Structure formats: C-alpha cells, structure tokens
>>> print(open('coords_24.pdb').read())   # PDB, C-alpha atoms, pLDDT in the B column
ATOM      1  CA  MET A   1     -22.213  15.074 -30.108  1.00 50.00           C
ATOM      2  CA  THR A   2     -25.923  14.423 -29.816  1.00 67.00           C
ATOM      3  CA  LYS A   3     -27.539  14.666 -26.413  1.00 79.00           C
ATOM      4  CA  ARG A   4     -29.586  11.770 -25.061  1.00 93.00           C
ATOM      5  CA  ALA A   5     -32.708  13.776 -24.166  1.00 96.00           C
ATOM      6  CA  ILE A   6     -34.418  16.812 -25.641  1.00 97.00           C
ATOM      7  CA  ILE A   7     -36.798  18.955 -23.596  1.00 97.00           C
ATOM      8  CA  ALA A   8     -39.262  20.733 -25.863  1.00 97.00           C
ATOM      9  CA  ASP A   9     -41.083  24.049 -25.594  1.00 97.00           C
ATOM     10  CA  SER A  10     -44.474  24.585 -27.213  1.00 95.00           C
ATOM     11  CA  GLY A  11     -43.420  26.760 -30.174  1.00 94.00           C
ATOM     12  CA  PRO A  12     -41.006  24.268 -31.750  1.00 96.00           C
ATOM     13  CA  LEU A  13     -43.416  21.383 -31.075  1.00 96.00           C
ATOM     14  CA  ILE A  14     -46.173  23.247 -32.901  1.00 95.00           C
ATOM     15  CA  SER A  15     -43.800  24.172 -35.740  1.00 96.00           C
ATOM     16  CA  LEU A  16     -42.734  20.546 -36.199  1.00 97.00           C
ATOM     17  CA  ALA A  17     -46.388  19.461 -36.089  1.00 95.00           C
ATOM     18  CA  ILE A  18     -47.316  22.022 -38.771  1.00 95.00           C
ATOM     19  CA  ILE A  19     -44.719  20.553 -41.135  1.00 96.00           C
ATOM     20  CA  ASP A  20     -45.627  16.991 -40.064  1.00 95.00           C
ATOM     21  CA  ARG A  21     -42.099  16.194 -38.861  1.00 97.00           C
ATOM     22  CA  LEU A  22     -42.508  15.602 -35.110  1.00 96.00           C
ATOM     23  CA  GLU A  23     -40.952  12.167 -35.577  1.00 96.00           C
ATOM     24  CA  LEU A  24     -37.582  13.844 -36.156  1.00 97.00           C
ATOM     25  CA  LEU A  25     -37.358  14.415 -32.401  1.00 97.00           C
ATOM     26  CA  GLN A  26     -37.749  10.714 -31.733  1.00 95.00           C
ATOM     27  CA  GLN A  27     -35.259   9.868 -34.484  1.00 95.00           C
ATOM     28  CA  LEU A  28     -32.628  12.304 -33.203  1.00 96.00           C
ATOM     29  CA  TYR A  29     -32.963  11.782 -29.422  1.00 96.00           C
ATOM     30  CA  GLN A  30     -33.489   8.797 -27.118  1.00 94.00           C
ATOM     31  CA  GLN A  31     -35.946  10.706 -24.917  1.00 95.00           C
ATOM     32  CA  VAL A  32     -38.341  13.511 -25.794  1.00 97.00           C
ATOM     33  CA  LEU A  33     -39.572  15.313 -22.684  1.00 97.00           C
ATOM     34  CA  VAL A  34     -42.105  18.090 -22.151  1.00 97.00           C
ATOM     35  CA  PRO A  35     -42.926  19.761 -18.860  1.00 97.00           C
ATOM     36  CA  PRO A  36     -46.581  20.006 -17.750  1.00 97.00           C
ATOM     37  CA  ALA A  37     -46.914  23.721 -18.634  1.00 96.00           C
ATOM     38  CA  VAL A  38     -45.915  23.000 -22.237  1.00 96.00           C
ATOM     39  CA  TRP A  39     -48.284  20.033 -22.439  1.00 96.00           C
ATOM     40  CA  GLU A  40     -51.112  22.177 -21.061  1.00 95.00           C
ATOM     41  CA  GLU A  41     -50.336  25.076 -23.412  1.00 93.00           C
ATOM     42  CA  VAL A  42     -50.243  22.901 -26.535  1.00 94.00           C
ATOM     43  CA  THR A  43     -52.894  20.236 -25.945  1.00 93.00           C
ATOM     44  CA  VAL A  44     -55.404  21.894 -23.595  1.00 91.00           C
ATOM     45  CA  LYS A  45     -55.263  25.658 -24.137  1.00 92.00           C
ATOM     46  CA  GLY A  46     -54.302  25.061 -27.762  1.00 88.00           C
ATOM     47  CA  GLN A  47     -57.100  22.589 -28.457  1.00 88.00           C
ATOM     48  CA  GLY A  48     -58.240  23.005 -32.048  1.00 86.00           C
ATOM     49  CA  MET A  49     -55.027  24.810 -33.000  1.00 85.00           C
ATOM     50  CA  PRO A  50     -52.477  23.357 -35.460  1.00 81.00           C
ATOM     51  CA  GLY A  51     -50.643  20.401 -33.982  1.00 85.00           C
ATOM     52  CA  ALA A  52     -52.604  20.097 -30.728  1.00 90.00           C
ATOM     53  CA  ASP A  53     -54.326  16.781 -31.517  1.00 91.00           C
ATOM     54  CA  THR A  54     -51.239  15.293 -33.158  1.00 92.00           C
ATOM     55  CA  ILE A  55     -49.038  16.174 -30.182  1.00 93.00           C
ATOM     56  CA  ALA A  56     -51.650  14.898 -27.697  1.00 93.00           C
ATOM     57  CA  ARG A  57     -51.523  11.465 -29.388  1.00 93.00           C
ATOM     58  CA  LEU A  58     -47.733  11.042 -29.330  1.00 93.00           C
ATOM     59  CA  GLU A  59     -46.997   7.967 -27.244  1.00 93.00           C
ATOM     60  CA  TRP A  60     -43.244   8.606 -27.128  1.00 95.00           C
ATOM     61  CA  LEU A  61     -43.560  12.083 -25.631  1.00 95.00           C
ATOM     62  CA  GLU A  62     -42.873  11.957 -21.886  1.00 95.00           C
ATOM     63  CA  ILE A  63     -44.349  14.557 -19.530  1.00 96.00           C
ATOM     64  CA  ARG A  64     -41.995  15.295 -16.650  1.00 96.00           C
ATOM     65  CA  GLU A  65     -42.187  17.801 -13.770  1.00 94.00           C
ATOM     66  CA  PRO A  66     -39.280  20.135 -13.084  1.00 94.00           C
ATOM     67  CA  GLU A  67     -37.978  20.662  -9.551  1.00 89.00           C
ATOM     68  CA  PRO A  68     -40.097  23.424  -7.909  1.00 88.00           C
ATOM     69  CA  GLN A  69     -37.118  25.084  -6.204  1.00 86.00           C
ATOM     70  CA  VAL A  70     -35.298  25.364  -9.559  1.00 86.00           C
ATOM     71  CA  LEU A  71     -38.414  26.596 -11.358  1.00 86.00           C
ATOM     72  CA  LYS A  72     -39.337  29.511  -9.104  1.00 83.00           C
ATOM     73  CA  PRO A  73     -36.539  31.969 -10.010  1.00 82.00           C
ATOM     74  CA  LEU A  74     -36.929  31.210 -13.735  1.00 88.00           C
ATOM     75  CA  SER A  75     -40.629  32.104 -13.666  1.00 83.00           C
ATOM     76  CA  ILE A  76     -39.864  35.815 -13.451  1.00 83.00           C
ATOM     77  CA  LEU A  77     -37.598  35.705 -16.525  1.00 87.00           C
ATOM     78  CA  VAL A  78     -39.624  33.783 -19.127  1.00 91.00           C
ATOM     79  CA  ASP A  79     -43.130  32.384 -19.657  1.00 90.00           C
ATOM     80  CA  PRO A  80     -44.257  29.323 -17.644  1.00 91.00           C
ATOM     81  CA  GLY A  81     -43.554  26.753 -20.364  1.00 94.00           C
ATOM     82  CA  GLU A  82     -40.089  28.086 -21.100  1.00 95.00           C
ATOM     83  CA  ALA A  83     -39.311  28.303 -17.379  1.00 94.00           C
ATOM     84  CA  GLU A  84     -40.302  24.653 -16.907  1.00 96.00           C
ATOM     85  CA  VAL A  85     -38.225  23.581 -19.934  1.00 97.00           C
ATOM     86  CA  ILE A  86     -35.111  25.324 -18.578  1.00 96.00           C
ATOM     87  CA  ALA A  87     -35.728  24.093 -15.017  1.00 95.00           C
ATOM     88  CA  LEU A  88     -36.220  20.512 -16.191  1.00 96.00           C
ATOM     89  CA  ALA A  89     -32.985  20.644 -18.198  1.00 96.00           C
ATOM     90  CA  GLN A  90     -31.111  21.422 -14.992  1.00 93.00           C
ATOM     91  CA  SER A  91     -32.118  18.060 -13.521  1.00 92.00           C
ATOM     92  CA  VAL A  92     -31.973  15.863 -16.646  1.00 94.00           C
ATOM     93  CA  SER A  93     -28.396  14.924 -17.409  1.00 90.00           C
ATOM     94  CA  ASP A  94     -27.189  14.851 -21.021  1.00 93.00           C
ATOM     95  CA  SER A  95     -30.104  16.957 -22.243  1.00 95.00           C
ATOM     96  CA  ILE A  96     -30.666  19.847 -24.630  1.00 96.00           C
ATOM     97  CA  VAL A  97     -33.568  22.304 -24.693  1.00 97.00           C
ATOM     98  CA  LEU A  98     -35.687  22.925 -27.791  1.00 97.00           C
ATOM     99  CA  LEU A  99     -36.495  26.639 -27.694  1.00 97.00           C
ATOM    100  CA  ASP A 100     -37.159  29.185 -30.444  1.00 95.00           C
ATOM    101  CA  ASP A 101     -37.799  32.239 -28.263  1.00 92.00           C
ATOM    102  CA  SER A 102     -34.677  34.415 -28.127  1.00 91.00           C
ATOM    103  CA  GLN A 103     -35.198  35.567 -24.518  1.00 93.00           C
ATOM    104  CA  ALA A 104     -35.638  31.967 -23.323  1.00 95.00           C
ATOM    105  CA  ARG A 105     -32.547  30.909 -25.268  1.00 95.00           C
ATOM    106  CA  ARG A 106     -30.519  33.672 -23.567  1.00 94.00           C
ATOM    107  CA  VAL A 107     -31.727  32.499 -20.138  1.00 94.00           C
ATOM    108  CA  ALA A 108     -30.800  28.891 -20.964  1.00 95.00           C
ATOM    109  CA  GLU A 109     -27.397  30.105 -22.149  1.00 95.00           C
ATOM    110  CA  ARG A 110     -26.811  31.863 -18.815  1.00 94.00           C
ATOM    111  CA  PHE A 111     -27.275  28.496 -17.117  1.00 93.00           C
ATOM    112  CA  ASP A 112     -24.938  26.790 -19.622  1.00 95.00           C
ATOM    113  CA  ILE A 113     -27.791  24.660 -20.944  1.00 95.00           C
ATOM    114  CA  PRO A 114     -27.299  23.428 -24.515  1.00 96.00           C
ATOM    115  CA  ARG A 115     -30.070  24.655 -26.811  1.00 96.00           C
ATOM    116  CA  ILE A 116     -31.420  24.061 -30.286  1.00 96.00           C
ATOM    117  CA  GLY A 117     -34.329  25.515 -32.227  1.00 96.00           C
ATOM    118  CA  THR A 118     -36.680  24.293 -34.928  1.00 97.00           C
ATOM    119  CA  LEU A 119     -34.214  25.213 -37.690  1.00 96.00           C
ATOM    120  CA  GLY A 120     -31.452  23.437 -35.787  1.00 96.00           C
ATOM    121  CA  ILE A 121     -33.548  20.263 -35.687  1.00 97.00           C
ATOM    122  CA  LEU A 122     -34.153  20.492 -39.438  1.00 97.00           C
ATOM    123  CA  ARG A 123     -30.430  21.139 -40.027  1.00 96.00           C
ATOM    124  CA  ARG A 124     -29.432  18.135 -37.928  1.00 96.00           C
ATOM    125  CA  ALA A 125     -32.069  15.967 -39.639  1.00 97.00           C
ATOM    126  CA  LYS A 126     -30.778  16.918 -43.096  1.00 97.00           C
ATOM    127  CA  LYS A 127     -27.158  16.279 -42.099  1.00 95.00           C
ATOM    128  CA  GLN A 128     -28.177  12.814 -40.847  1.00 95.00           C
ATOM    129  CA  GLY A 129     -30.118  12.050 -44.035  1.00 95.00           C
ATOM    130  CA  LEU A 130     -33.546  12.057 -42.374  1.00 96.00           C
ATOM    131  CA  ILE A 131     -34.886  14.768 -44.701  1.00 97.00           C
ATOM    132  CA  ASP A 132     -33.860  15.795 -48.217  1.00 96.00           C
ATOM    133  CA  ALA A 133     -34.312  19.570 -47.950  1.00 96.00           C
ATOM    134  CA  ILE A 134     -35.019  22.290 -45.392  1.00 97.00           C
ATOM    135  CA  ARG A 135     -36.282  25.067 -47.674  1.00 96.00           C
ATOM    136  CA  PRO A 136     -39.764  23.550 -48.301  1.00 97.00           C
ATOM    137  CA  TYR A 137     -40.329  23.279 -44.535  1.00 97.00           C
ATOM    138  CA  VAL A 138     -39.204  26.877 -44.012  1.00 96.00           C
ATOM    139  CA  GLU A 139     -41.701  28.021 -46.663  1.00 95.00           C
ATOM    140  CA  GLN A 140     -44.461  25.967 -45.041  1.00 96.00           C
ATOM    141  CA  LEU A 141     -43.704  27.489 -41.627  1.00 95.00           C
ATOM    142  CA  LYS A 142     -43.652  31.020 -43.056  1.00 94.00           C
ATOM    143  CA  ASN A 143     -47.002  30.349 -44.774  1.00 94.00           C
ATOM    144  CA  ASN A 144     -48.369  29.418 -41.334  1.00 93.00           C
ATOM    145  CA  ASN A 145     -47.113  32.689 -39.800  1.00 91.00           C
ATOM    146  CA  ILE A 146     -44.244  31.110 -37.894  1.00 90.00           C
ATOM    147  CA  TYR A 147     -41.553  33.765 -37.523  1.00 89.00           C
ATOM    148  CA  MET A 148     -37.926  32.921 -38.201  1.00 90.00           C
ATOM    149  CA  SER A 149     -35.094  35.367 -38.760  1.00 91.00           C
ATOM    150  CA  ASP A 150     -34.206  35.643 -42.452  1.00 92.00           C
ATOM    151  CA  ARG A 151     -30.533  35.854 -41.503  1.00 93.00           C
ATOM    152  CA  LEU A 152     -30.761  32.604 -39.529  1.00 92.00           C
ATOM    153  CA  ILE A 153     -32.684  30.873 -42.329  1.00 94.00           C
ATOM    154  CA  GLU A 154     -30.045  31.873 -44.877  1.00 94.00           C
ATOM    155  CA  ALA A 155     -27.198  30.761 -42.591  1.00 94.00           C
ATOM    156  CA  VAL A 156     -28.795  27.332 -42.060  1.00 94.00           C
ATOM    157  CA  LEU A 157     -29.615  26.864 -45.743  1.00 95.00           C
ATOM    158  CA  GLN A 158     -26.087  27.879 -46.732  1.00 94.00           C
ATOM    159  CA  ASP A 159     -24.647  25.466 -44.139  1.00 94.00           C
ATOM    160  CA  VAL A 160     -26.522  22.520 -45.666  1.00 94.00           C
ATOM    161  CA  GLY A 161     -25.902  23.573 -49.268  1.00 94.00           C
ATOM    162  CA  GLU A 162     -29.376  24.773 -50.194  1.00 94.00           C
TER     163      GLU A 162
END
>>> encode(input="coords_24.pdb", output="structure tokens")
Amino acid sequence: MTKRAIIADSGPLISLAIIDRLELLQQLYQQVLVPPAVWEEVTVKGQGMPGADTIARLEWLEIREPEPQVLKPLSILVDPGEAEVIALAQSVSDSIVLLDDSQARRVAERFDIPRIGTLGILRRAKKQGLIDAIRPYVEQLKNNNIYMSDRLIEAVLQDVGE
C-alpha cells in the first residue's frame, strides 16, 4: 500500500534530480515534504551543485518543520537533515521517509517508520509503468559518483526483470 506523504532527505532528492526524475515523487505520493535542514542543505549550501536549482524551483515540494521536542534526541544519532526527516515522519500520519543512508534508515526502523530509498522509488515507478527501465538510471547515478550497493542494485533489477 502506498503512503500518502513522502518526506525526503537530500541524497535521494539530489539523485532523482541528477537522473531528471524528481517528478516520480509527485506521481507516486500525494504530498512531498522536506524539512528545513534538507532544503538548506540542497538549495543553499548546495548552490551550484547538481540538482540544487531544479529542486529550488519545485512548486509541489512543501517545506515543513518537525516538532523540536521530537528532533532533539535524533540529532545525536544522524545528521541534521536526516534527523529532521525522521522527526517529521513521527508527526505526519500515513508517511514514509526517503532515505539512502544506512545509519539513518536503521534509526527510522527503530521508530517503526516506513522507509524507501532512491532504488525503491525507481522500482515502484517501474512497477507502476511510470518508467520503462531502471538500469539506465543506475548507470547514470554511478557515473555521477552516487554510491549504491551492487547487491541491492542486482536484487532490484532482478525483482523488476531487468
């Protein structure tokens, strides 16, 4: 079952921007949320980097603050953007977090927060007929020095018959 809202971290946003497929988030979810730390990291600190301008112009991306009391304990476990993503997910019902970092995914799992990564988005998009193939996007990401586990790539490609 697809969640209503997705709360995105910077890494997956940048990855989707690199392959020019940010619109998949809007096609797969009713709401696409980013916390302020992620927005700042991607569009301000990342100015001039791949995806920064494209992401800054997205009108359907909603910036939302997490609850400060929920955020504080998470800040010692993961970076500020990831902490805000996980904290925000705790107050947004029917949401899923978009995280690629393994440590952040483990923290989200401890809080029973559903999670998906860039490859998961591509897998879901292919299964829903929004894209024809995942492999070309994986190659493009690798060519842009985006790390993904070879084992995970092979599992996803096998799952979708590529």
>>> atom_distance(input="coords_24.pdb", atom1="atom CA of Phe111 of chain A", atom2="atom CA of Ile86 of chain A")
8.6 Å
>>> residues_near_point(input="coords_24.pdb", point="(-41.6, 27.4, -13.7)", cutoff="12 Å", atoms="only C-alpha atoms", output="list of chain:residue names")
A:Pro35, A:Pro36, A:Ala37, A:Val38, A:Glu65, A:Pro66, A:Glu67, A:Pro68, A:Gln69, A:Val70, A:Leu71, A:Lys72, A:Pro73, A:Leu74, A:Ser75, A:Ile76, A:Leu77, A:Val78, A:Asp79, A:Pro80, A:Gly81, A:Glu82, A:Ala83, A:Glu84, A:Val85, A:Ile86, A:Ala87, A:Leu88, A:Ala89
>>> atom_distance(input="coords_24.pdb", atom1="atom CA of Asp132 of chain A", atom2="atom CA of Pro50 of chain A")
23.8 Å
>>> closest_atom_pairs(input="coords_24.pdb", of="segment 40-116 of chain A", to="segment 140-151 of chain A", cutoff="12 Å", atoms="only C-alpha atoms", output="Markdown table")
| residue | atom | partner | partner_atom | distance |
| --- | --- | --- | --- | --- |
| A:Met49 | CA | A:Asn144 | CA | 11.6 |
| A:Pro50 | CA | A:Asn144 | CA | 9.4 |
| A:Gly51 | CA | A:Asn144 | CA | 11.9 |
| A:Asp100 | CA | A:Met148 | CA | 8.6 |
| A:Asp101 | CA | A:Met148 | CA | 10.0 |
| A:Ser102 | CA | A:Ser149 | CA | 10.7 |
>>> resolve_selection(input="coords_24.pdb", expression="the PyMOL selection byres ((chain A and resi 59) around 12)", output="compact mmCIF listing (two decimals) with C-alpha atoms, in the frame of the given file")
# COMPACT_ATOMS: atom_id res chain seq x y z
CA LEU A 22 -42.51 15.60 -35.11
CA GLU A 23 -40.95 12.17 -35.58
CA GLN A 26 -37.75 10.71 -31.73
CA GLN A 31 -35.95 10.71 -24.92
CA VAL A 32 -38.34 13.51 -25.79
CA LEU A 33 -39.57 15.31 -22.68
CA THR A 54 -51.24 15.29 -33.16
CA ILE A 55 -49.04 16.17 -30.18
CA ALA A 56 -51.65 14.90 -27.70
CA ARG A 57 -51.52 11.46 -29.39
CA LEU A 58 -47.73 11.04 -29.33
CA TRP A 60 -43.24 8.61 -27.13
CA LEU A 61 -43.56 12.08 -25.63
CA GLU A 62 -42.87 11.96 -21.89
CA ILE A 63 -44.35 14.56 -19.53
>>> atom_distance(input="coords_24.pdb", atom1="atom CA of Glu154 of chain A", atom2="atom CA of Val107 of chain A")
24.8 Å
>>> resolve_selection(input="coords_24.pdb", expression="the PyMOL selection byres ((chain A and resi 156) around 10)", output="list in words")
Leu119, Gly120, Leu122, Arg123, Ile134, Arg135, Asp150, Arg151, Leu152, Ile153, Glu154, Ala155, Leu157, Gln158, Asp159, Val160, Gly161 and Glu162 of chain A
>>> closest_residue(input="coords_24.pdb", among="A:Arg4, A:Lys45, A:Arg106, A:Arg64", to="Leu25 of chain A", atoms="only C-alpha atoms")
A:Arg4
>>> resolve_selection(input="coords_24.pdb", expression="the PyMOL selection byres ((chain A and resi 13) around 9)", output="mmCIF file with C-alpha atoms, in the coordinates of the input")
data_model
loop_
_atom_site.group_PDB
_atom_site.id
_atom_site.type_symbol
_atom_site.label_atom_id
_atom_site.label_comp_id
_atom_site.auth_asym_id
_atom_site.auth_seq_id
_atom_site.Cartn_x
_atom_site.Cartn_y
_atom_site.Cartn_z
ATOM 1 C CA ALA A 8 -39.262 20.733 -25.863
ATOM 2 C CA ASP A 9 -41.083 24.049 -25.594
ATOM 3 C CA SER A 10 -44.474 24.585 -27.213
ATOM 4 C CA GLY A 11 -43.420 26.760 -30.174
ATOM 5 C CA PRO A 12 -41.006 24.268 -31.750
ATOM 6 C CA ILE A 14 -46.173 23.247 -32.901
ATOM 7 C CA SER A 15 -43.800 24.172 -35.740
ATOM 8 C CA LEU A 16 -42.734 20.546 -36.199
ATOM 9 C CA ALA A 17 -46.388 19.461 -36.089
ATOM 10 C CA ILE A 18 -47.316 22.022 -38.771
ATOM 11 C CA LEU A 22 -42.508 15.602 -35.110
ATOM 12 C CA VAL A 42 -50.243 22.901 -26.535
ATOM 13 C CA GLY A 51 -50.643 20.401 -33.982
ATOM 14 C CA ILE A 55 -49.038 16.174 -30.182
ATOM 15 C CA LEU A 98 -35.687 22.925 -27.791
ATOM 16 C CA THR A 118 -36.680 24.293 -34.928
#
>>> closest_residue(input="coords_24.pdb", among="A:Glu41, A:Asp112, A:Asp53, A:Asp20", to="Ile131 of chain A", atoms="only C-alpha atoms")
A:Asp20
>>> closest_residue(input="coords_24.pdb", among="A:Val138, A:Ala125, A:Ala133, A:Ile6", to="Leu99 of chain A", atoms="only C-alpha atoms")
A:Ile6
>>> closest_residue(input="coords_24.pdb", among="A:Tyr137, A:Lys126, A:Gln90, A:Thr43", to="Pro114 of chain A", atoms="only C-alpha atoms")
A:Gln90
>>> closest_residue(input="coords_24.pdb", among="A:Leu130, A:Leu24, A:Ile121, A:Ile96", to="Glu109 of chain A", atoms="only C-alpha atoms")
A:Ile96
